[in-house]
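Student: Here it is, the structure, as structure tokens.
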Amino acid sequence: MRDGWGGAGLDYLNLFRDPIATTTSRTRDGTVDDYDGVWGKPVVPLVVVPLVNERSTSGKEMFAYGFRKLSLGPVVGSRTAGAVVGGSPRLLPNGDLLYLAVVDVAIDGERLEGVGVHPDVVVERPIPYAAGADPQLEAAVEVALAQLAAMP
């Protein structure tokens with residue numbers, strides 16, 4: 001989920017348990033859409049540690065929010081971007097591309113836009129060329145190993 005634009009949804013959380021959140025989208029014309037889909041099949045217990053940072057946006061933020069709300073385990077990394085509203089690309093007459101916000105999104109009535117998701121285990125992102133060191137990934141691995149050790 002780290003360094004990724006959107007591309008995830010709350011329905012992914014249904015793989016872990018029943019959904020706890022309803023996503024409400026409202027378009028500019030006032031159309032409202034609620035979604036709370038359910039995965040109805042058994043799932044083998046997994047160890048999942050979402051790793052997020054300031055470049056985790058949109059659906060990935062919604063997933064991290066839901067993961068925390070479900071208490072499925074700690075989210076590791078740094079605060080997400082707070083860029084959740086849905087957008088649509090528009091080609092301008094001069095050939096430039098404008099990405100315009102067209103859908104406001106709230107999760108259980110809470111807006112993440114401009115706020116982001118604060119991780120449970122805060123680890124700042126290192127500079128990009130830190131001789132291969134990656135404290136965020138190392139922390140996520142430590143959390144996952146601790147969860148595995150606690151399993152029966």
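Labels for the structure tokens follow display order: chains A, B, ..., residues from 1 in each chain, ligands from 1.
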Residues within 7 Å of region 54-58 of chain A, please, as JSON, numbers by chain. Count only C-alpha atoms; anything in the same chain fewer than 4 positions from it doesn't count.

Tutor: {"A": [1, 2, 3, 4, 5, 6, 62, 78, 79, 80, 81, 82, 83, 84, 85]}

Student: For C-alpha atoms, I'd like the residues from the last selection saved as a PDB file, in the first residue's frame.

Tutor:
```
ATOM      1  CA  MET A   1       0.000   0.000   0.000  1.00  0.00           C
ATOM      2  CA  ARG A   2       3.023   2.245   0.435  1.00  0.00           C
ATOM      3  CA  ASP A   3       3.825   4.601  -2.429  1.00  0.00           C
ATOM      4  CA  GLY A   4       0.647   3.682  -4.277  1.00  0.00           C
ATOM      5  CA  TRP A   5      -2.240   5.672  -5.721  1.00  0.00           C
ATOM      6  CA  GLY A   6      -5.674   4.386  -4.818  1.00  0.00           C
ATOM      7  CA  MET A  62      -9.746   3.785   2.996  1.00  0.00           C
ATOM      8  CA  SER A  78       3.806   7.361   8.269  1.00  0.00           C
ATOM      9  CA  ARG A  79       0.536   9.315   7.870  1.00  0.00           C
ATOM     10  CA  THR A  80      -1.183   8.799   4.530  1.00  0.00           C
ATOM     11  CA  ALA A  81      -1.720  11.621   2.022  1.00  0.00           C
ATOM     12  CA  GLY A  82      -5.306  12.559   2.873  1.00  0.00           C
ATOM     13  CA  ALA A  83      -6.194  12.461  -0.830  1.00  0.00           C
ATOM     14  CA  VAL A  84      -9.409  10.468  -0.916  1.00  0.00           C
ATOM     15  CA  VAL A  85     -11.951  12.330  -3.077  1.00  0.00           C
TER      16      VAL A  85
END
```

Student: Can you list, as a list in words, all residues belonging to chain A that DSSP tags as alpha helix (DSSP H)?

Tutor: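 Taking chain A and keeping alpha helix (DSSP H) only, one gets Gly59, Lys60, Glu61, Met62, Phe63, Ala64, Tyr65, Gly66, Phe67, Arg68, Lys69, Pro135, Gln136, Leu137, Glu138, Ala139, Ala140, Val141, Glu142, Val143, Ala144, Leu145, Ala146, Gln147, Leu148, Ala149 and Ala150 of chain A.
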
Student: Would you list the contacts of Tyr99 (chain A) as number ranges by chain, taking every protein, DNA or RNA residue within 7 Å and counting only C-alpha atoms, but skipping same-chain residues closer than 2 positions in sequence?

Tutor: A: 87-90, 97, 101

Student: Would you pick out the contacts of region 23-35 of chain A at 9 Å or less, using only C-alpha atoms, so that residues sharing its chain but fewer than 3 positions from it are not included, and give the list as a PDB file with C-alpha atoms, in the first residue's frame?

Tutor:
```pdb
ATOM      1  CA  LEU A  10     -13.227  -1.293   1.763  1.00  0.00           C
ATOM      2  CA  ASP A  11     -14.631  -4.452   0.218  1.00  0.00           C
ATOM      3  CA  VAL A  85     -11.951  12.330  -3.077  1.00  0.00           C
ATOM      4  CA  GLY A  86     -12.626  10.691  -6.422  1.00  0.00           C
ATOM      5  CA  VAL A 102     -15.859  14.980  -8.836  1.00  0.00           C
ATOM      6  CA  VAL A 103     -16.886  12.654  -5.978  1.00  0.00           C
ATOM      7  CA  ASP A 104     -16.679  13.318  -2.253  1.00  0.00           C
ATOM      8  CA  VAL A 105     -16.120  10.196  -0.148  1.00  0.00           C
ATOM      9  CA  ALA A 106     -16.958   9.558   3.511  1.00  0.00           C
ATOM     10  CA  ILE A 107     -16.456   6.364   5.511  1.00  0.00           C
ATOM     11  CA  ASP A 108     -19.135   5.923   8.143  1.00  0.00           C
ATOM     12  CA  GLY A 109     -19.671   9.663   7.846  1.00  0.00           C
TER      13      GLY A 109
END
```

Student: Do you know which residues are at most 12 Å from Val49 (chain A) counting only C-alpha atoms, after dropping those on the same chain fewer than 4 positions away, and could you put them as a list in words?

Tutor: Met1, Arg2, Phe63, Ala64, Phe67, Arg68, Ser71, Leu72, Gly73, Pro74, Val75, Val76, Gly77, Pro119, Asp120, Val121, Gln136, Leu137, Glu138, Ala139, Ala140, Val141, Glu142, Val143, Ala144, Leu145, Ala146, Gln147 and Leu148 of chain A

Student: Separation of CA of Gly114 (chain A) and CA of Gly59 (chain A), in Å?

Tutor: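 CA of Gly59 (chain A) lies 14.2 Å from CA of Gly114 (chain A).
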
Student: As an exercise, work out the distance from CA of Tyr65 (chain A) to CA of Val122 (chain A) in Å and give it to one decimal place.

Tutor: 14.8 Å

Student: To one decimal place in Å, what is the distance between CA of Ala8 (chain A) and CA of Gly66 (chain A)?

Tutor: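 Separating CA of Ala8 (chain A) from CA of Gly66 (chain A) is a distance of 11.3 Å.
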